[in-house]
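Comments concern the structure below.
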Amino acid sequence: MQIITRQVKDKPLTVTIEYPERTDFVTSLVRRISSMDTSFSASIDGRRVKIRLADVYYIENVERKLFLYTAKEVYRLDSSMSEMLSITEDTGLVRISRTCIMNTDHLKEIRQVRNSHLEAVLDNDEMLIVSRKYLKDIKRVFQK
Amino acid sequence: MKSIKIILRDTCILAALMILSVFAISIIWSGITEEIGLVLKLFGLALIIVVVNYLIDEYLSLSMAMYYVVKYFAITALVMLFGFIAGWFYPTNFWMAFVYVGVVLILAYSIDSFKVKKDIEFINGKISDRGQRGL
């Protein structure tokens, strides 16, 4: 697969996919790129804002309330955990514990601390606890 | 390695289905014999263990070693309780449950540790590739 990028000023971001025949891989690629345009409606300080999927670091369920974390801010989401999980397919979002969904696009490293806990280190150096049960789901994201 | 794993898993599932099918027909012909009863009890115990195992994985956040310690005591307690009800154990040999469960869990822990290590290596390798491609 060749990746060609070029700057075209004064035009919206456009992704063109050329393929000899439409295979499952192409379909998956189209779905993956489309999902990157996904945004979440969230609130902060009483204001409603749209957060792009690419800006999401992780989503956490705290006492049945969902919070969306970007590199610097924390937003409140009105959705439920199950609603969030339903849109994670073909995105970089993956469940890493009972209460947390992580964006693997911001994952820097997975490490095992003293042969016990698993930690996910994000590119802003924040660390999240990963449940062993969900390690295979993270692996599946990278196998796609 | 993956193919061997799939073959072993499918063999176990097929064997379980064959046992259940053969025994289902035997029950119709000759009722529940002692052997059939034992196998049905083992399936029942397996179901309870799998449910408890699932609940521990889902609701507890512990270190890997602690998970296995908790599972060891929880599953041993279940096997002992089930064993007493089913008449497998007597007051003199109930400690055998600790040995049976211990052997299985040591094997499971070793396989799990190896698998976790391999999965982490795979994920970190992919992240490293992604970084090199500038994605």
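Ordering of the structure tokens sets the chain letters (A, B, ...), residue numbers begin anew at 1 in every chain, and ligands are numbered from 1 in the order given.
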In range 18-100 of chain A, DSSP alpha helix (DSSP H) residues written as a ChimeraX atom specification: /A:24-36,81-86
Sel. of strand (DSSP E) residues, range 48-144 of chain A, as a PyMOL selection string: chain A and resi 48-52+58-62+65-69+74-77+93-97+100-103+107-113+117-122+127-130
How about saving the chosen residues, C-alpha atoms kept, as a tab-separated table (two decimals), in the first residue's frame?
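Full text of selection_22.tsv as output:
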chain	number	residue	atom	x	y	z
A	48	ARG	CA	-21.63	22.02	24.92
A	49	VAL	CA	-18.73	21.22	22.63
A	50	LYS	CA	-17.80	18.71	19.94
A	51	ILE	CA	-14.69	16.63	20.58
A	52	ARG	CA	-13.06	14.86	17.65
A	58	TYR	CA	-9.66	7.99	27.15
A	59	ILE	CA	-13.20	7.74	28.47
A	60	GLU	CA	-13.81	6.80	32.07
A	61	ASN	CA	-16.91	5.73	33.95
A	62	VAL	CA	-16.89	7.21	37.44
A	65	LYS	CA	-21.04	9.14	34.94
A	66	LEU	CA	-18.91	9.21	31.82
A	67	PHE	CA	-15.94	11.54	31.50
A	68	LEU	CA	-13.95	12.13	28.34
A	69	TYR	CA	-10.29	13.03	28.71
A	74	VAL	CA	-11.92	16.68	31.08
A	75	TYR	CA	-15.43	16.71	29.59
A	76	ARG	CA	-18.69	15.20	30.73
A	77	LEU	CA	-20.43	12.82	28.31
A	93	LEU	CA	-10.98	3.05	20.95
A	94	VAL	CA	-10.83	-0.10	23.03
A	95	ARG	CA	-12.03	-1.12	26.45
A	96	ILE	CA	-9.10	-1.65	28.83
A	97	SER	CA	-10.94	-2.21	32.09
A	100	CYS	CA	-12.21	2.72	31.01
A	101	ILE	CA	-12.06	2.97	27.20
A	102	MET	CA	-8.71	4.05	25.77
A	103	ASN	CA	-7.79	5.54	22.41
A	107	LEU	CA	-0.90	4.72	23.27
A	108	LYS	CA	2.86	4.96	23.75
A	109	GLU	CA	3.56	1.70	25.55
A	110	ILE	CA	2.06	-1.17	27.50
A	111	ARG	CA	4.11	-2.36	30.42
A	112	GLN	CA	3.88	-4.91	33.16
A	113	VAL	CA	4.88	-3.57	36.54
A	117	HIS	CA	-0.27	-4.85	37.08
A	118	LEU	CA	-0.48	-3.84	33.46
A	119	GLU	CA	-0.16	-0.16	32.65
A	120	ALA	CA	-0.86	1.75	29.46
A	121	VAL	CA	1.34	4.80	29.01
A	122	LEU	CA	-0.20	7.47	26.79
A	127	MET	CA	-0.84	6.10	32.87
A	128	LEU	CA	-3.94	3.90	32.90
A	129	ILE	CA	-4.44	0.54	34.56
A	130	VAL	CA	-5.17	-2.22	32.04
Write out, as JSON lines, each residue of chain B that has an atom at most 10 Å from chain A, together with the closest pair of atoms and their distance in Å to one decimal, counting only C-alpha atoms, rows going by chain and rising number.
{"residue": "B:Tyr54", "atom": "CA", "partner": "A:Lys133", "partner_atom": "CA", "distance": 9.4}
{"residue": "B:Asp57", "atom": "CA", "partner": "A:Lys133", "partner_atom": "CA", "distance": 6.6}
{"residue": "B:Glu58", "atom": "CA", "partner": "A:Arg98", "partner_atom": "CA", "distance": 6.6}
{"residue": "B:Tyr59", "atom": "CA", "partner": "A:Arg98", "partner_atom": "CA", "distance": 7.4}
{"residue": "B:Leu60", "atom": "CA", "partner": "A:Ser131", "partner_atom": "CA", "distance": 9.2}
{"residue": "B:Ser61", "atom": "CA", "partner": "A:Ser131", "partner_atom": "CA", "distance": 7.0}
{"residue": "B:Leu62", "atom": "CA", "partner": "A:His117", "partner_atom": "CA", "distance": 7.2}
{"residue": "B:Ser63", "atom": "CA", "partner": "A:Ser116", "partner_atom": "CA", "distance": 4.4}
{"residue": "B:Met64", "atom": "CA", "partner": "A:Ser116", "partner_atom": "CA", "distance": 4.6}
{"residue": "B:Ala65", "atom": "CA", "partner": "A:Ser116", "partner_atom": "CA", "distance": 6.3}
{"residue": "B:Met66", "atom": "CA", "partner": "A:Ser116", "partner_atom": "CA", "distance": 8.2}
{"residue": "B:Tyr67", "atom": "CA", "partner": "A:Ser116", "partner_atom": "CA", "distance": 9.3}
{"residue": "B:Asp112", "atom": "CA", "partner": "A:Arg132", "partner_atom": "CA", "distance": 9.5}
{"residue": "B:Ser113", "atom": "CA", "partner": "A:Asn115", "partner_atom": "CA", "distance": 8.2}
{"residue": "B:Lys115", "atom": "CA", "partner": "A:Lys136", "partner_atom": "CA", "distance": 9.8}
{"residue": "B:Val116", "atom": "CA", "partner": "A:Arg132", "partner_atom": "CA", "distance": 7.7}
{"residue": "B:Lys117", "atom": "CA", "partner": "A:Gln112", "partner_atom": "CA", "distance": 8.2}
{"residue": "B:Asp119", "atom": "CA", "partner": "A:Lys139", "partner_atom": "CA", "distance": 6.7}
{"residue": "B:Ile120", "atom": "CA", "partner": "A:Ile110", "partner_atom": "CA", "distance": 6.2}
{"residue": "B:Glu121", "atom": "CA", "partner": "A:Ile110", "partner_atom": "CA", "distance": 8.6}
{"residue": "B:Phe122", "atom": "CA", "partner": "A:Lys139", "partner_atom": "CA", "distance": 7.4}
{"residue": "B:Ile123", "atom": "CA", "partner": "A:Lys139", "partner_atom": "CA", "distance": 5.9}
{"residue": "B:Asn124", "atom": "CA", "partner": "A:Glu109", "partner_atom": "CA", "distance": 5.7}
{"residue": "B:Gly125", "atom": "CA", "partner": "A:Glu109", "partner_atom": "CA", "distance": 9.3}
{"residue": "B:Lys126", "atom": "CA", "partner": "A:Phe142", "partner_atom": "CA", "distance": 6.6}
{"residue": "B:Ile127", "atom": "CA", "partner": "A:Lys108", "partner_atom": "CA", "distance": 6.7}
{"residue": "B:Ser128", "atom": "CA", "partner": "A:Lys108", "partner_atom": "CA", "distance": 8.4}
{"residue": "B:Arg130", "atom": "CA", "partner": "A:Asp105", "partner_atom": "CA", "distance": 9.5}
{"residue": "B:Gly131", "atom": "CA", "partner": "A:Lys108", "partner_atom": "CA", "distance": 9.0}
{"residue": "B:Leu135", "atom": "CA", "partner": "A:Asp105", "partner_atom": "CA", "distance": 8.8}
Writing out the chosen residues with N, CA and C atoms as a tab-separated table (two decimals), in the first residue's frame:
chain	number	residue	atom	x	y	z
B	54	TYR	N	-15.16	-15.66	35.66
B	54	TYR	CA	-15.57	-14.48	34.90
B	54	TYR	C	-15.83	-13.30	35.84
B	57	ASP	N	-12.57	-11.87	37.19
B	57	ASP	CA	-11.87	-11.08	36.15
B	57	ASP	C	-12.58	-9.74	35.91
B	58	GLU	N	-13.91	-9.77	35.97
B	58	GLU	CA	-14.69	-8.59	35.62
B	58	GLU	C	-14.69	-7.54	36.75
B	59	TYR	N	-14.81	-8.01	37.98
B	59	TYR	CA	-15.05	-7.06	39.07
B	59	TYR	C	-13.86	-6.80	40.00
B	60	LEU	N	-12.80	-7.59	39.92
B	60	LEU	CA	-11.66	-7.33	40.80
B	60	LEU	C	-10.51	-6.76	39.98
B	61	SER	N	-9.83	-5.80	40.56
B	61	SER	CA	-8.65	-5.23	39.90
B	61	SER	C	-7.45	-5.51	40.79
B	62	LEU	N	-6.78	-6.61	40.50
B	62	LEU	CA	-5.65	-7.05	41.33
B	62	LEU	C	-4.43	-7.30	40.46
B	63	SER	N	-3.30	-7.52	41.13
B	63	SER	CA	-2.11	-7.89	40.37
B	63	SER	C	-2.32	-9.32	39.86
B	64	MET	N	-1.50	-9.70	38.86
B	64	MET	CA	-1.66	-11.01	38.24
B	64	MET	C	-1.51	-12.13	39.28
B	65	ALA	N	-0.49	-12.02	40.14
B	65	ALA	CA	-0.27	-13.06	41.15
B	65	ALA	C	-1.45	-13.13	42.12
B	66	MET	N	-1.95	-11.94	42.52
B	66	MET	CA	-3.07	-11.91	43.47
B	66	MET	C	-4.34	-12.51	42.87
B	67	TYR	N	-4.52	-12.27	41.55
B	67	TYR	CA	-5.67	-12.86	40.85
B	67	TYR	C	-5.66	-14.37	41.06
B	112	ASP	N	-0.49	-18.25	31.17
B	112	ASP	CA	-1.00	-16.88	31.15
B	112	ASP	C	0.15	-15.86	31.17
B	113	SER	N	1.14	-16.10	32.03
B	113	SER	CA	2.29	-15.18	32.14
B	113	SER	C	3.01	-15.08	30.80
B	115	LYS	N	1.79	-15.76	27.83
B	115	LYS	CA	0.91	-15.16	26.83
B	115	LYS	C	0.86	-13.63	26.99
B	116	VAL	N	0.76	-13.18	28.24
B	116	VAL	CA	0.71	-11.74	28.52
B	116	VAL	C	1.99	-11.07	28.02
B	117	LYS	N	3.13	-11.73	28.31
B	117	LYS	CA	4.42	-11.19	27.89
B	117	LYS	C	4.48	-11.07	26.36
B	119	ASP	N	1.93	-10.90	24.24
B	119	ASP	CA	0.95	-9.90	23.78
B	119	ASP	C	1.52	-8.49	23.96
B	120	ILE	N	2.17	-8.24	25.09
B	120	ILE	CA	2.76	-6.91	25.35
B	120	ILE	C	3.86	-6.63	24.31
B	121	GLU	N	4.68	-7.64	24.04
B	121	GLU	CA	5.75	-7.47	23.03
B	121	GLU	C	5.16	-7.14	21.67
B	122	PHE	N	4.08	-7.85	21.32
B	122	PHE	CA	3.43	-7.63	20.02
B	122	PHE	C	2.88	-6.20	19.93
B	123	ILE	N	2.15	-5.77	20.97
B	123	ILE	CA	1.54	-4.43	20.96
B	123	ILE	C	2.63	-3.35	20.90
B	124	ASN	N	3.64	-3.49	21.76
B	124	ASN	CA	4.71	-2.47	21.78
B	124	ASN	C	5.48	-2.44	20.46
B	125	GLY	N	5.61	-3.63	19.83
B	125	GLY	CA	6.26	-3.70	18.52
B	125	GLY	C	5.47	-2.92	17.47
B	126	LYS	N	4.15	-3.09	17.51
B	126	LYS	CA	3.28	-2.39	16.55
B	126	LYS	C	3.32	-0.88	16.79
B	127	ILE	N	3.36	-0.48	18.07
B	127	ILE	CA	3.42	0.96	18.38
B	127	ILE	C	4.75	1.53	17.87
B	128	SER	N	5.80	0.75	18.04
B	128	SER	CA	7.12	1.18	17.58
B	128	SER	C	7.12	1.34	16.05
B	130	ARG	N	4.55	1.95	14.17
B	130	ARG	CA	3.71	3.11	13.88
B	130	ARG	C	4.51	4.41	14.05
B	131	GLY	N	5.31	4.44	15.11
B	131	GLY	CA	6.14	5.62	15.38
B	131	GLY	C	7.16	5.84	14.28
B	135	LEU	N	3.11	7.75	11.99
B	135	LEU	CA	1.66	7.81	12.07
B	135	LEU	C	1.20	8.17	13.47
For CA of Ile4 in chain A and CA of Tyr19 in chain A, the interatomic separation in Å (one decimal):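 Going from CA of Ile4 in chain A over to CA of Tyr19 in chain A covers 13.6 Å.
Using only C-alpha atoms, the shortest contact distance between Tyr68 in chain B and any of B:Gln132, B:Thr92, B:Ser110, B:Ser21 is found at B:Ser110.
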Atom pair CA of Asp78 in chain A / CA of Ser41 in chain A: separation (Å):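 So the two atoms, CA of Asp78 in chain A and CA of Ser41 in chain A, lie 8.0 Å apart.
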Residue with smallest distance to Phe43 in chain B - pool B:Ile6, B:Ile85, B:Ala16, B:Ile56, counting only C-alpha atoms: B:Ala16
Give me the residues within 10 Å of Ile27 in chain B as a CSV table (one decimal) with C-alpha atoms, in the first residue's frame, counting only C-alpha atoms and dropping any in the same chain fewer than 6 places off.
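Done, and the output landed in out_8.csv:
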chain,number,residue,atom,x,y,z
B,21,SER,CA,-24.6,-36.3,22.9
B,33,THR,CA,-26.0,-44.3,35.6
B,36,ILE,CA,-23.1,-40.4,33.5
B,37,GLY,CA,-24.0,-38.7,36.8
Mind dumping a table of every range 38-59 of chain A residue within 12 Å of range 22-32 of chain A, with the nearest atom pair and its distance in Å to one decimal, using only C-alpha atoms, sorted by chain and rising number, as JSON lines?
{"residue": "A:Thr38", "atom": "CA", "partner": "A:Arg32", "partner_atom": "CA", "distance": 10.1}
{"residue": "A:Leu53", "atom": "CA", "partner": "A:Arg32", "partner_atom": "CA", "distance": 11.5}
{"residue": "A:Ala54", "atom": "CA", "partner": "A:Arg32", "partner_atom": "CA", "distance": 11.9}
